[in-house]
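Printed here is coords16.txt (compact mmCIF, C-alpha atoms):
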```txt
# COMPACT_ATOMS: atom_id res chain seq x y z
CA MET A 1 2.07 8.14 -6.60
CA ALA A 2 5.63 7.05 -5.96
CA ALA A 3 7.43 4.11 -7.47
CA PRO A 4 10.67 2.22 -6.99
CA THR A 5 13.27 2.46 -9.75
CA GLY A 6 16.15 0.10 -9.15
CA ASP A 7 17.46 0.69 -5.65
CA LYS A 8 16.33 4.32 -5.56
CA LEU A 9 13.00 5.25 -4.02
CA ILE A 10 11.16 7.92 -5.94
CA LEU A 11 8.94 9.68 -3.44
CA PRO A 12 6.78 12.78 -3.66
CA ARG A 13 8.26 15.89 -2.04
CA TYR A 14 6.26 18.54 -0.28
CA ARG A 15 7.19 22.15 -0.96
CA ARG A 16 8.38 24.25 1.92
CA ASP A 17 6.23 27.21 2.85
CA PRO A 18 7.74 30.66 2.22
CA ALA A 19 9.34 32.42 5.19
CA GLY A 20 6.75 34.32 7.19
CA THR A 21 3.90 31.87 6.54
CA HIS A 22 4.06 30.28 9.97
CA PRO A 23 4.69 31.87 13.35
CA PRO A 24 8.12 31.77 15.00
CA LEU A 25 8.07 29.33 17.92
CA ASP A 26 9.66 32.10 19.99
CA SER A 27 7.06 34.89 19.92
CA PRO A 28 7.68 36.98 23.04
CA GLY A 29 4.36 38.82 22.71
CA TYR A 30 2.64 35.50 23.40
CA ARG A 31 4.06 34.83 26.83
CA SER A 32 3.46 31.09 26.91
CA THR A 33 6.10 30.59 24.23
CA ALA A 34 8.88 31.69 26.64
CA LEU A 35 9.46 28.36 28.37
CA ARG A 36 8.05 26.16 25.63
CA HIS A 37 9.91 27.05 22.44
CA PRO A 38 12.96 24.95 21.62
CA LYS A 39 16.13 27.03 21.86
CA GLN A 40 18.37 24.67 19.90
CA PRO A 41 18.24 24.97 16.12
CA LEU A 42 15.83 22.59 14.39
CA VAL A 43 17.55 19.79 12.46
CA LEU A 44 16.55 19.41 8.82
CA LEU A 45 14.54 16.21 8.37
CA PRO A 46 14.68 14.90 4.82
CA GLN A 47 11.28 13.83 3.50
CA MET A 48 11.48 10.08 3.47
CA LEU A 49 8.79 7.41 3.60
CA THR A 50 7.57 8.23 7.10
CA GLU A 51 7.19 11.92 6.25
CA VAL A 52 5.51 11.62 2.84
CA THR A 53 2.91 9.20 4.18
CA GLY A 54 0.43 9.97 6.93
CA PRO A 55 -2.65 8.68 8.71
CA LEU A 56 -5.72 8.27 6.52
CA LEU A 57 -8.51 8.97 8.97
CA GLY A 58 -11.85 8.94 7.29
CA PRO A 59 -15.53 8.16 7.67
CA GLY A 60 -15.07 5.49 10.32
CA ARG A 61 -14.38 8.18 12.87
CA ILE A 62 -17.52 10.27 12.28
CA GLY A 63 -21.04 10.12 13.70
CA GLU A 64 -24.08 11.40 11.82
CA LEU A 65 -24.45 14.72 13.65
CA ASP A 66 -20.78 15.38 14.31
CA ASN A 67 -20.71 18.33 11.91
CA ASP A 68 -23.77 20.02 13.43
CA LEU A 69 -22.85 21.47 16.79
CA THR A 70 -26.38 22.87 17.25
CA ARG A 71 -28.22 19.54 17.33
CA ARG A 72 -26.47 17.54 20.02
CA HIS A 73 -28.87 18.40 22.82
CA ALA A 74 -32.57 18.74 23.57
CA GLU A 75 -32.60 22.46 22.80
CA GLU A 76 -30.82 24.94 20.58
CA PRO A 77 -27.63 26.52 21.87
CA GLN A 78 -27.58 30.25 22.61
CA GLY A 79 -26.05 32.55 20.02
CA GLN A 80 -25.93 33.34 16.33
CA ARG A 81 -26.27 30.17 14.25
CA ILE A 82 -23.68 30.01 11.45
CA LEU A 83 -22.71 27.72 8.61
CA VAL A 84 -18.93 27.40 8.25
CA HIS A 85 -17.90 25.80 4.98
CA GLY A 86 -14.97 25.60 2.62
CA ARG A 87 -12.45 23.30 1.03
CA LEU A 88 -9.33 21.53 2.19
CA LEU A 89 -6.80 22.13 -0.58
CA ASP A 90 -3.17 21.42 -1.25
CA GLY A 91 -0.81 24.16 -2.41
CA ASP A 92 -1.66 23.43 -6.04
CA GLY A 93 -5.37 24.04 -5.51
CA ARG A 94 -6.34 20.38 -5.55
CA GLY A 95 -9.08 19.36 -3.12
CA ILE A 96 -8.04 16.76 -0.55
CA PRO A 97 -10.80 14.13 -0.28
CA ASP A 98 -11.77 11.81 2.60
CA SER A 99 -9.76 13.77 5.16
CA LEU A 100 -10.73 14.23 8.79
CA ILE A 101 -11.38 17.80 9.96
CA GLU A 102 -11.81 18.48 13.67
CA ILE A 103 -12.95 21.75 15.27
CA TRP A 104 -13.37 23.05 18.79
CA GLN A 105 -14.50 26.43 20.07
CA ALA A 106 -15.93 28.57 22.87
CA ASN A 107 -19.67 29.17 23.21
CA ALA A 108 -21.46 32.41 22.33
CA GLY A 109 -20.35 33.94 25.64
CA GLY A 110 -16.70 33.15 24.94
CA ARG A 111 -16.47 30.25 27.39
CA TYR A 112 -15.08 26.79 26.69
CA ARG A 113 -16.57 23.66 28.19
CA HIS A 114 -13.33 22.92 30.00
CA ILE A 115 -12.50 22.62 33.66
CA GLY A 116 -9.67 25.10 33.24
CA ASP A 117 -11.83 27.90 31.83
CA ASN A 118 -13.08 30.07 34.68
CA TRP A 119 -14.11 33.15 32.68
CA PRO A 120 -17.49 33.84 34.31
CA ALA A 121 -19.56 33.78 31.14
CA PRO A 122 -22.27 31.13 31.50
CA LEU A 123 -21.79 27.63 30.21
CA ASP A 124 -24.47 26.66 27.69
CA PRO A 125 -26.05 23.28 28.51
CA ASN A 126 -26.87 22.87 24.82
CA PHE A 127 -23.39 23.47 23.44
CA ASP A 128 -20.23 21.38 23.75
CA GLY A 129 -18.15 23.24 21.15
CA VAL A 130 -16.71 20.18 19.40
CA GLY A 131 -17.25 19.01 15.82
CA ARG A 132 -15.81 16.56 13.30
CA THR A 133 -16.36 15.85 9.64
CA VAL A 134 -14.70 14.27 6.62
CA THR A 135 -14.09 16.11 3.35
CA ASP A 136 -15.99 14.97 0.26
CA ALA A 137 -14.50 13.98 -3.09
CA ASP A 138 -13.70 17.67 -3.87
CA GLY A 139 -12.26 18.40 -0.45
CA ARG A 140 -15.40 20.23 0.72
CA TYR A 141 -16.57 20.35 4.31
CA GLU A 142 -19.22 22.18 6.31
CA PHE A 143 -20.19 22.67 9.92
CA THR A 144 -23.28 24.17 11.50
CA THR A 145 -22.37 25.87 14.75
CA ILE A 146 -22.80 29.16 16.61
CA LYS A 147 -20.50 32.15 16.42
CA PRO A 148 -18.09 31.94 19.35
CA GLY A 149 -17.63 34.95 21.63
CA ALA A 150 -14.42 36.81 22.37
CA TYR A 151 -12.93 36.20 25.80
CA PRO A 152 -10.30 37.72 28.07
CA TRP A 153 -7.04 36.04 28.95
CA LYS A 154 -4.08 36.96 31.09
CA ASN A 155 -1.39 37.40 28.45
CA HIS A 156 -1.14 41.19 28.86
CA ASP A 157 -3.16 44.05 30.29
CA ASN A 158 -6.75 43.96 29.00
CA ALA A 159 -6.00 41.05 26.63
CA TRP A 160 -8.89 39.59 24.60
CA ARG A 161 -8.84 36.78 22.09
CA PRO A 162 -10.68 37.62 18.86
CA ALA A 163 -13.55 35.20 18.15
CA HIS A 164 -12.10 32.06 16.59
CA ILE A 165 -12.70 28.39 15.85
CA HIS A 166 -9.81 25.90 16.20
CA PHE A 167 -9.30 23.69 13.13
CA SER A 168 -7.23 20.52 12.89
CA VAL A 169 -6.52 18.86 9.53
CA PHE A 170 -4.31 15.98 8.44
CA GLY A 171 -3.97 16.22 4.68
CA GLN A 172 -2.45 13.08 3.18
CA ALA A 173 1.09 13.23 4.53
CA PHE A 174 2.85 13.85 7.83
CA THR A 175 4.31 16.99 6.21
CA GLN A 176 0.81 18.40 5.64
CA ARG A 177 -0.47 18.15 9.24
CA LEU A 178 -1.90 21.52 10.34
CA VAL A 179 -3.65 23.02 13.34
CA THR A 180 -4.89 26.56 12.84
CA GLN A 181 -7.55 29.01 13.99
CA MET A 182 -10.31 30.49 11.83
CA TYR A 183 -11.13 34.12 12.53
CA PHE A 184 -14.08 36.31 11.50
CA PRO A 185 -13.95 39.32 9.17
CA ASP A 186 -13.66 42.80 10.67
CA ASP A 187 -12.99 41.62 14.20
CA PRO A 188 -12.01 44.72 16.23
CA LEU A 189 -9.65 42.72 18.45
CA PHE A 190 -7.02 41.69 15.90
CA PHE A 191 -4.71 44.63 16.65
CA GLN A 192 -3.94 43.52 20.22
CA ASP A 193 -3.83 39.74 19.78
CA PRO A 194 -0.30 38.27 19.83
CA ILE A 195 -1.46 34.86 18.58
CA PHE A 196 -3.13 36.21 15.43
CA ASN A 197 -0.26 38.66 14.95
CA SER A 198 2.41 35.98 15.43
CA ILE A 199 2.22 35.35 11.67
CA PRO A 200 4.95 37.57 10.21
CA ASP A 201 3.57 37.85 6.68
CA GLU A 202 0.52 40.11 6.47
CA LYS A 203 -0.96 38.25 3.48
CA ALA A 204 -0.48 34.91 5.22
CA ARG A 205 -2.18 36.28 8.33
CA GLN A 206 -5.21 37.30 6.27
CA ARG A 207 -5.58 33.67 5.12
CA MET A 208 -6.81 32.79 8.62
CA ILE A 209 -9.80 35.14 8.28
CA SER A 210 -12.98 33.60 6.93
CA ARG A 211 -15.12 35.35 4.30
CA PHE A 212 -18.73 36.33 5.01
CA ASP A 213 -20.75 34.37 2.45
CA TYR A 214 -24.18 35.89 1.93
CA ARG A 215 -24.92 33.40 -0.84
CA ARG A 216 -24.90 30.49 1.61
CA THR A 217 -26.75 32.41 4.32
CA THR A 218 -30.14 30.80 5.01
CA ASP A 219 -33.21 33.03 5.45
CA HIS A 220 -34.40 33.08 9.05
CA TRP A 221 -31.89 30.42 9.98
CA ALA A 222 -28.13 31.04 9.76
CA LEU A 223 -25.38 33.36 8.58
CA ALA A 224 -22.56 31.77 6.59
CA PHE A 225 -18.77 32.05 6.46
CA GLU A 226 -16.41 30.46 3.96
CA PHE A 227 -12.98 29.24 5.07
CA ASP A 228 -10.62 27.37 2.75
CA ILE A 229 -7.69 25.60 4.41
CA VAL A 230 -4.54 25.14 2.34
CA VAL A 231 -1.78 22.70 3.26
CA ARG A 232 1.60 22.23 1.57
CA GLY A 233 1.61 21.21 -2.08
CA ARG A 234 3.81 18.68 -3.81
CA GLU A 235 6.91 19.62 -5.69
CA GLN A 236 6.70 18.84 -9.36
CA SER A 237 8.97 15.99 -10.30
CA VAL A 238 9.86 14.30 -13.54
CA PHE A 239 8.05 11.24 -12.31
CA GLU A 240 4.80 13.11 -11.68
CA ASN A 241 4.89 14.58 -15.17
CA GLU A 242 5.36 11.13 -16.64
CA GLU A 243 2.43 9.86 -14.68
CA GLU A 244 0.17 12.59 -16.03
CA GLU A 245 0.96 11.55 -19.57
CA GLU A 246 -0.21 7.99 -19.02
CA MET B 247 -0.22 29.58 -0.23
CA SER B 248 -0.56 27.54 2.95
CA THR B 249 -2.82 28.51 5.81
CA PRO B 250 -0.63 29.52 8.79
CA SER B 251 -0.29 27.36 11.87
CA GLN B 252 -1.72 28.50 15.19
CA THR B 253 -1.50 27.12 18.71
CA VAL B 254 -3.98 24.51 19.92
CA GLY B 255 -4.43 26.70 23.02
CA PRO B 256 -5.10 25.38 26.51
CA TYR B 257 -8.34 23.56 25.70
CA LEU B 258 -7.35 21.09 22.99
CA ALA B 259 -8.82 18.35 25.21
CA ILE B 260 -12.28 19.49 24.06
CA GLY B 261 -11.80 18.65 20.42
CA LEU B 262 -8.89 16.33 19.75
CA PRO B 263 -8.65 13.26 22.00
CA TRP B 264 -10.46 10.03 21.15
CA ALA B 265 -11.17 7.07 23.39
CA ASP B 266 -8.92 4.80 21.31
CA GLY B 267 -6.43 7.51 20.30
CA PRO B 268 -3.60 6.26 22.52
CA THR B 269 -3.90 2.67 21.34
CA VAL B 270 -2.38 2.33 17.87
CA VAL B 271 -3.15 -1.35 18.33
CA PRO B 272 -5.81 -2.76 20.67
CA GLU B 273 -4.78 -3.76 24.17
CA GLY B 274 -3.85 -7.43 24.25
CA THR B 275 -2.20 -7.34 20.80
CA PRO B 276 0.78 -9.75 20.92
CA GLY B 277 4.06 -7.88 21.02
CA ALA B 278 2.48 -4.51 21.82
CA VAL B 279 4.56 -2.10 23.91
CA TRP B 280 3.68 1.00 25.88
CA ILE B 281 5.69 4.08 25.03
CA ARG B 282 5.40 6.35 28.06
CA GLY B 283 6.92 9.71 28.78
CA THR B 284 6.53 13.18 30.22
CA VAL B 285 6.47 16.48 28.35
CA THR B 286 8.32 19.23 30.23
CA ASP B 287 9.10 22.92 29.66
CA GLY B 288 12.29 24.93 30.04
CA ALA B 289 11.92 25.03 33.83
CA GLY B 290 11.53 21.26 33.93
CA THR B 291 7.86 21.67 34.80
CA PRO B 292 5.50 19.00 33.42
CA ILE B 293 3.09 20.33 30.78
CA PRO B 294 -0.49 19.27 31.50
CA ASP B 295 -2.03 20.67 28.30
CA ALA B 296 0.07 19.10 25.55
CA MET B 297 -0.76 16.39 23.04
CA ILE B 298 1.49 13.78 21.45
CA GLU B 299 0.73 12.34 18.01
CA THR B 300 2.67 9.44 16.54
CA TRP B 301 2.99 8.11 12.98
CA GLN B 302 4.85 4.97 12.06
CA ALA B 303 5.28 1.93 9.85
CA ASP B 304 4.10 -1.53 10.84
CA PRO B 305 6.51 -4.20 12.17
CA ARG B 306 7.50 -5.04 8.59
CA GLY B 307 8.33 -1.41 7.85
CA ARG B 308 5.24 -0.89 5.66
CA PHE B 309 2.66 1.90 5.62
CA ASP B 310 -1.07 1.79 4.98
CA HIS B 311 -0.72 4.60 2.48
CA PRO B 312 -0.84 4.92 -1.33
CA ASP B 313 2.53 6.70 -1.46
CA ASP B 314 4.38 3.70 -0.08
CA PRO B 315 5.97 2.59 -3.41
CA ARG B 316 6.00 -1.04 -2.25
CA GLY B 317 2.20 -0.96 -2.20
CA ARG B 318 -0.33 -0.09 0.44
CA VAL B 319 -0.69 -2.54 3.33
CA PRO B 320 -4.17 -2.02 4.80
CA GLY B 321 -5.05 -2.65 8.40
CA PHE B 322 -2.37 -0.94 10.49
CA ARG B 323 -3.55 2.55 11.52
CA GLY B 324 -0.04 3.63 12.40
CA PHE B 325 -1.37 6.71 14.18
CA GLY B 326 -1.54 7.40 17.90
CA ARG B 327 -2.76 10.43 19.80
CA CYS B 328 -2.59 11.09 23.53
CA PRO B 329 -3.17 14.31 25.49
CA THR B 330 -0.93 14.76 28.52
CA GLU B 331 -2.26 14.17 32.04
CA PRO B 332 -2.03 16.80 34.80
CA ASP B 333 1.43 15.40 35.60
CA GLY B 334 2.58 15.90 31.99
CA SER B 335 2.59 12.20 31.15
CA TYR B 336 1.38 10.44 28.03
CA ALA B 337 1.23 6.79 26.95
CA ILE B 338 0.89 5.19 23.50
CA LEU B 339 0.33 1.46 22.96
CA THR B 340 1.85 0.25 19.70
CA LEU B 341 4.04 -2.25 17.91
CA VAL B 342 7.67 -1.45 17.25
CA PRO B 343 8.01 -0.56 13.55
CA GLY B 344 10.35 -2.34 11.19
CA ALA B 345 13.30 -0.82 9.35
CA ILE B 346 12.34 1.43 6.44
CA PRO B 347 14.14 2.04 3.14
CA GLY B 348 15.91 5.37 2.92
CA GLU B 349 17.53 7.03 -0.06
CA SER B 350 19.90 5.33 -2.52
CA GLY B 351 19.44 1.84 -1.16
CA SER B 352 20.19 2.78 2.45
CA MET B 353 17.98 1.65 5.33
CA GLN B 354 16.57 3.73 8.15
CA ALA B 355 16.52 2.30 11.66
CA PRO B 356 13.08 1.60 13.12
CA HIS B 357 11.58 4.93 14.19
CA ILE B 358 8.33 6.71 14.97
CA ASP B 359 7.61 10.29 13.89
CA VAL B 360 6.16 12.43 16.68
CA SER B 361 4.26 15.72 16.66
CA VAL B 362 3.96 17.72 19.88
CA PHE B 363 1.16 20.27 20.25
CA ALA B 364 0.57 22.54 23.27
CA ARG B 365 -0.49 25.95 24.44
CA GLY B 366 2.55 28.15 23.88
CA LEU B 367 3.58 26.20 20.77
CA LEU B 368 2.43 28.26 17.79
CA ASN B 369 3.39 25.41 15.49
CA ARG B 370 3.74 21.73 16.31
CA VAL B 371 7.26 20.55 16.96
CA ILE B 372 8.46 17.30 15.41
CA THR B 373 10.77 14.66 16.78
CA ARG B 374 11.53 10.96 16.23
CA ILE B 375 11.59 8.00 18.59
CA TYR B 376 14.33 5.42 17.99
CA PHE B 377 14.79 2.19 19.95
CA PRO B 378 17.80 1.10 22.04
CA ASP B 379 17.54 -2.50 20.82
CA HIS B 380 18.75 -1.54 17.35
CA ALA B 381 22.18 -0.09 18.16
CA GLU B 382 23.69 -1.23 14.88
CA SER B 383 21.00 0.14 12.60
CA ASN B 384 20.78 3.30 14.74
CA ALA B 385 24.51 3.83 14.15
CA ALA B 386 23.89 3.69 10.39
CA ASP B 387 20.68 5.73 10.37
CA PRO B 388 20.98 8.79 8.11
CA VAL B 389 18.72 11.01 10.22
CA LEU B 390 20.33 10.13 13.55
CA ASN B 391 23.71 10.73 11.95
CA SER B 392 22.63 14.22 10.89
CA VAL B 393 22.10 15.14 14.56
CA PRO B 394 25.03 16.38 16.66
CA ALA B 395 26.42 13.31 18.43
CA GLU B 396 26.03 14.77 21.91
CA ARG B 397 22.29 15.35 21.36
CA ARG B 398 21.48 12.05 19.63
CA GLY B 399 20.57 10.34 22.89
CA THR B 400 17.44 12.48 23.26
CA LEU B 401 15.95 10.57 20.31
CA ILE B 402 16.51 7.08 21.68
CA ALA B 403 13.87 5.64 24.00
CA GLU B 404 14.79 3.72 27.16
CA ARG B 405 13.67 0.14 27.73
CA THR B 406 11.14 -0.30 30.57
CA ALA B 407 9.20 -3.19 32.05
CA ASP B 408 6.24 -2.84 29.66
CA GLY B 409 7.85 -1.09 26.71
CA TYR B 410 9.80 2.14 26.44
CA ARG B 411 10.22 5.56 27.98
CA PHE B 412 10.55 8.63 25.77
CA ASP B 413 10.51 12.03 27.47
CA VAL B 414 10.00 15.25 25.53
CA ARG B 415 11.86 18.28 26.84
CA LEU B 416 10.75 21.34 24.89
CA GLN B 417 13.60 23.48 26.19
CA GLY B 418 16.44 23.53 28.70
CA VAL B 419 18.87 20.88 29.88
CA ALA B 420 18.94 17.95 27.43
CA GLU B 421 16.38 19.66 25.17
CA THR B 422 14.94 17.07 22.80
CA VAL B 423 16.12 17.27 19.20
CA PHE B 424 13.33 18.73 17.06
CA PHE B 425 13.22 18.59 13.28
CA ASP B 426 12.27 20.94 10.49
CA VAL B 427 10.39 18.92 7.88
```
Would you write out, as structure tokens, the structure that this file holds?
Amino acid sequence: MAAPTGDKLILPRYRRDPAGTHPPLDSPGYRSTALRHPKQPLVLLPQMLTEVTGPLLGPGRIGELDNDLTRRHAEEPQGQRILVHGRLLDGDGRGIPDSLIEIWQANAGGRYRHIGDNWPAPLDPNFDGVGRTVTDADGRYEFTTIKPGAYPWKNHDNAWRPAHIHFSVFGQAFTQRLVTQMYFPDDPLFFQDPIFNSIPDEKARQRMISRFDYRRTTDHWALAFEFDIVVRGREQSVFENEEEEE
Amino acid sequence: MSTPSQTVGPYLAIGLPWADGPTVVPEGTPGAVWIRGTVTDGAGTPIPDAMIETWQADPRGRFDHPDDPRGRVPGFRGFGRCPTEPDGSYAILTLVPGAIPGESGSMQAPHIDVSVFARGLLNRVITRIYFPDHAESNAADPVLNSVPAERRGTLIAERTADGYRFDVRLQGVAETVFFDV
């Protein structure tokens, strides 16, 4: 929590991520960046009130079945049913509660329900590929869905996207906003994917891969994968330390 | 140890838009303005698969957020979200924010923070919308003043019949100023 002291605003600060955590906007291996990455240097934006606050989008935006992508239609979707669960955390390991998480994905055949997707895998009438939920008091979330398929794209010769689920999270501040992709362990397609490999730091790249979670697998029902999402943490300040002593 | 950013890809329209996303305030709200614009690439081609998100203070310069040290003011969502149309256009209905305290007693001119997401953007890019009606406070704004003078104009919206126009040029001639936060 921030507080005014005299005419000086004391605001929380969000730590910068180490170099290599995020992809360069200019990543020539991913051809679509060529005409879309800014060429002028980014200007440093100090973290002021607009940046340390952010939209608080919670339960009001969620319907009862929004986190179960397998129960939206009369019948079950095709494919391997999976539970995807984890926590939304800040860089200090604190769970972020009451925060909107949105996902979207291809179906089991690797096809999106989108007019622009003409990969000739069948559409599944029982699968839309969209889910939403809100984290609980500990930052936990879970979705029931099906494992998406890999699919070809035209980036390079014989290019295939590894199976992935798109995740969008807000955190609690504009500085924490994140869109990422969750991948599956041991995918054989990682080596040739310029989007996955756009992350310079190998350890950071591995943080996008979910963990197979046998413990949460349900007998005769679903496999399970665990995926924690970490957004930027706060810098420690004198003020925060004082607050903790109260 | 943050999770890395990845592109939204070409099909963000499946998972992200909401029916009331573009209306920060409901239609018919007194004083509401439309902020309209087009997102274009380095060839000047409109981008049909982008998304604009906006975050801003209310007309008094307050946020509905616990980290506003003046106290949380509930009721103003402050957040807008609009995917681009096939012609690259977007539109957000909102109220112009008030001035906001900066550091050391200074004031920031009214502004809206903007995130741009699209296929081909591996991380969102961030910009700010300022308003032409506040020339004096714009001239004193610490963030605008940190931008090279010849590029500052890309951050100032143009007045239109029903609000403002703010185009986003990701690259090329008159590339929009983007920020590292």
Discussion item. To one decimal place in Å, what is the distance between CA of Phe167 in chain A and CA of Trp301 in chain B?
Written reply: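 Here the two named atoms are 19.8 Å from each other.
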Item to complete: Have a look at B:Leu262, B:Ala303, B:Met353, B:Val270 and name the one nearest to Phe325 in chain B; count all atoms listed in the file.
Response: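 Ranking B:Leu262, B:Ala303, B:Met353, B:Val270 by distance to Phe325 in chain B, first place goes to B:Val270.
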Quick one: contact table of chain A to chain B, 6 Å max, nearest atom pair and distance in Å to one decimal per residue, counting all atoms listed in the file, chain and number order, as CSV?
```
residue,atom,partner,partner_atom,distance
A:Met1,CA,B:Asp313,CA,5.4
A:Ala2,CA,B:Pro315,CA,5.1
A:Ala3,CA,B:Pro315,CA,4.6
A:Pro4,CA,B:Pro315,CA,5.9
A:Asp7,CA,B:Gly351,CA,5.0
A:Lys8,CA,B:Ser350,CA,4.8
A:Thr21,CA,B:Pro250,CA,5.6
A:His22,CA,B:Pro250,CA,4.9
A:Leu25,CA,B:Leu368,CA,5.7
A:Ser32,CA,B:Gly366,CA,4.3
A:Thr33,CA,B:Gly366,CA,4.3
A:Leu35,CA,B:Gly288,CA,4.8
A:Arg36,CA,B:Asp287,CA,5.3
A:Pro38,CA,B:Gln417,CA,4.8
A:Leu42,CA,B:Phe425,CA,4.9
A:Val43,CA,B:Phe425,CA,4.6
A:Leu44,CA,B:Asp426,CA,4.8
A:Leu45,CA,B:Val427,CA,5.0
A:Pro55,CA,B:Phe325,CA,6.0
A:Gly91,CA,B:Met247,CA,5.9
A:Trp104,CA,B:Gly261,CA,4.9
A:Val130,CA,B:Gly261,CA,5.2
A:Val179,CA,B:Ser251,CA,5.7
A:Thr180,CA,B:Gln252,CA,4.4
A:Gln181,CA,B:Gln252,CA,6.0
A:Arg207,CA,B:Thr249,CA,5.9
A:Ile229,CA,B:Thr249,CA,5.8
A:Val230,CA,B:Ser248,CA,4.7
A:Val231,CA,B:Ser248,CA,5.0
A:Arg232,CA,B:Ser248,CA,5.9
```
Worksheet item: Please, what distance in Å, to one decimal, runs between CA of Asp193 in chain A and CA of Pro28 in chain A?
Response: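 Separating CA of Asp193 in chain A from CA of Pro28 in chain A is a distance of 12.3 Å.
For the atom pair formed by CA of Trp280 in chain B and CA of Arg177 in chain A, the distance is 24.3 Å, given to one decimal.
Shortest separation to Arg61 in chain A among A:Glu102, A:Glu202, A:Glu75, A:Asp90 occurs at residue A:Glu102, atoms counted being only C-alpha atoms.
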Worksheet item: Looking at only C-alpha atoms, which of B:Leu341, B:Val279, B:Ala355, B:Cys328 is the one that sits closest to Asp387 in chain B?
Response: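 Comparing B:Leu341, B:Val279, B:Ala355, B:Cys328 against Asp387 in chain B, the winner is B:Ala355.
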Worksheet item: Any idea what's packed within 8 Å of Tyr410 in chain B, counting all atoms listed in the file, ignoring anything in its chain fewer than 5 positions away? Could you give it as JSON, numbers by chain?
Response: {"B": [279, 280, 281, 282, 403, 404, 405]}
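Closest to Glu76 in chain A among A:Asp98, A:Asp128, A:Asp186, A:Asp92 is A:Asp128, based on only C-alpha atoms.
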Worksheet item: Neighbours of Gly277 in chain B within 10 Å (all atoms listed in the file; same-chain residues fewer than 5 positions away dropped), as number ranges by chain?
Response: B: 305, 340-342, 409
Centre, edges in Å (one decimal): axis-aligned box, range 411-417 of chain B, 3 Å padding on all six sides, as AutoDock Vina command-line options:
```
--center_x 11.8 --center_y 14.5 --center_z 26.4 --size_x 9.6 --size_y 23.9 --size_z 9.1
```
Complete range 115-125 of chain A with N, CA, C and O atoms (output as a PDB file, in the coordinates of the input).
```
ATOM      1  N   ILE A 115     -12.647  22.390  32.227  1.00  0.00           N
ATOM      2  CA  ILE A 115     -12.500  22.620  33.660  1.00  0.00           C
ATOM      3  C   ILE A 115     -11.548  23.779  33.959  1.00  0.00           C
ATOM      4  O   ILE A 115     -11.662  24.454  34.986  1.00  0.00           O
ATOM      5  N   GLY A 116     -10.637  24.043  33.009  1.00  0.00           N
ATOM      6  CA  GLY A 116      -9.670  25.100  33.240  1.00  0.00           C
ATOM      7  C   GLY A 116     -10.156  26.493  32.878  1.00  0.00           C
ATOM      8  O   GLY A 116      -9.477  27.488  33.137  1.00  0.00           O
ATOM      9  N   ASP A 117     -11.336  26.578  32.270  1.00  0.00           N
ATOM     10  CA  ASP A 117     -11.830  27.900  31.830  1.00  0.00           C
ATOM     11  C   ASP A 117     -12.744  28.473  32.904  1.00  0.00           C
ATOM     12  O   ASP A 117     -13.872  28.009  33.102  1.00  0.00           O
ATOM     13  N   ASN A 118     -12.259  29.493  33.616  1.00  0.00           N
ATOM     14  CA  ASN A 118     -13.080  30.070  34.680  1.00  0.00           C
ATOM     15  C   ASN A 118     -13.526  31.498  34.376  1.00  0.00           C
ATOM     16  O   ASN A 118     -13.896  32.255  35.264  1.00  0.00           O
ATOM     17  N   TRP A 119     -13.486  31.879  33.112  1.00  0.00           N
ATOM     18  CA  TRP A 119     -14.110  33.150  32.680  1.00  0.00           C
ATOM     19  C   TRP A 119     -15.596  33.056  33.023  1.00  0.00           C
ATOM     20  O   TRP A 119     -16.261  32.092  32.635  1.00  0.00           O
ATOM     21  N   PRO A 120     -16.140  34.033  33.795  1.00  0.00           N
ATOM     22  CA  PRO A 120     -17.490  33.840  34.310  1.00  0.00           C
ATOM     23  C   PRO A 120     -18.624  34.103  33.321  1.00  0.00           C
ATOM     24  O   PRO A 120     -19.708  34.501  33.734  1.00  0.00           O
ATOM     25  N   ALA A 121     -18.409  33.855  32.052  1.00  0.00           N
ATOM     26  CA  ALA A 121     -19.560  33.780  31.140  1.00  0.00           C
ATOM     27  C   ALA A 121     -20.263  32.451  31.407  1.00  0.00           C
ATOM     28  O   ALA A 121     -19.627  31.484  31.819  1.00  0.00           O
ATOM     29  N   PRO A 122     -21.566  32.380  31.190  1.00  0.00           N
ATOM     30  CA  PRO A 122     -22.270  31.130  31.500  1.00  0.00           C
ATOM     31  C   PRO A 122     -21.887  30.007  30.546  1.00  0.00           C
ATOM     32  O   PRO A 122     -21.625  30.239  29.367  1.00  0.00           O
ATOM     33  N   LEU A 123     -21.858  28.798  31.076  1.00  0.00           N
ATOM     34  CA  LEU A 123     -21.790  27.630  30.210  1.00  0.00           C
ATOM     35  C   LEU A 123     -23.175  27.447  29.579  1.00  0.00           C
ATOM     36  O   LEU A 123     -24.183  27.817  30.160  1.00  0.00           O
ATOM     37  N   ASP A 124     -23.197  26.884  28.382  1.00  0.00           N
ATOM     38  CA  ASP A 124     -24.470  26.660  27.690  1.00  0.00           C
ATOM     39  C   ASP A 124     -24.740  25.154  27.723  1.00  0.00           C
ATOM     40  O   ASP A 124     -23.975  24.378  27.143  1.00  0.00           O
ATOM     41  N   PRO A 125     -25.801  24.723  28.406  1.00  0.00           N
ATOM     42  CA  PRO A 125     -26.050  23.280  28.510  1.00  0.00           C
ATOM     43  C   PRO A 125     -26.299  22.618  27.162  1.00  0.00           C
ATOM     44  O   PRO A 125     -26.207  21.391  27.043  1.00  0.00           O
TER      45      PRO A 125
END
```
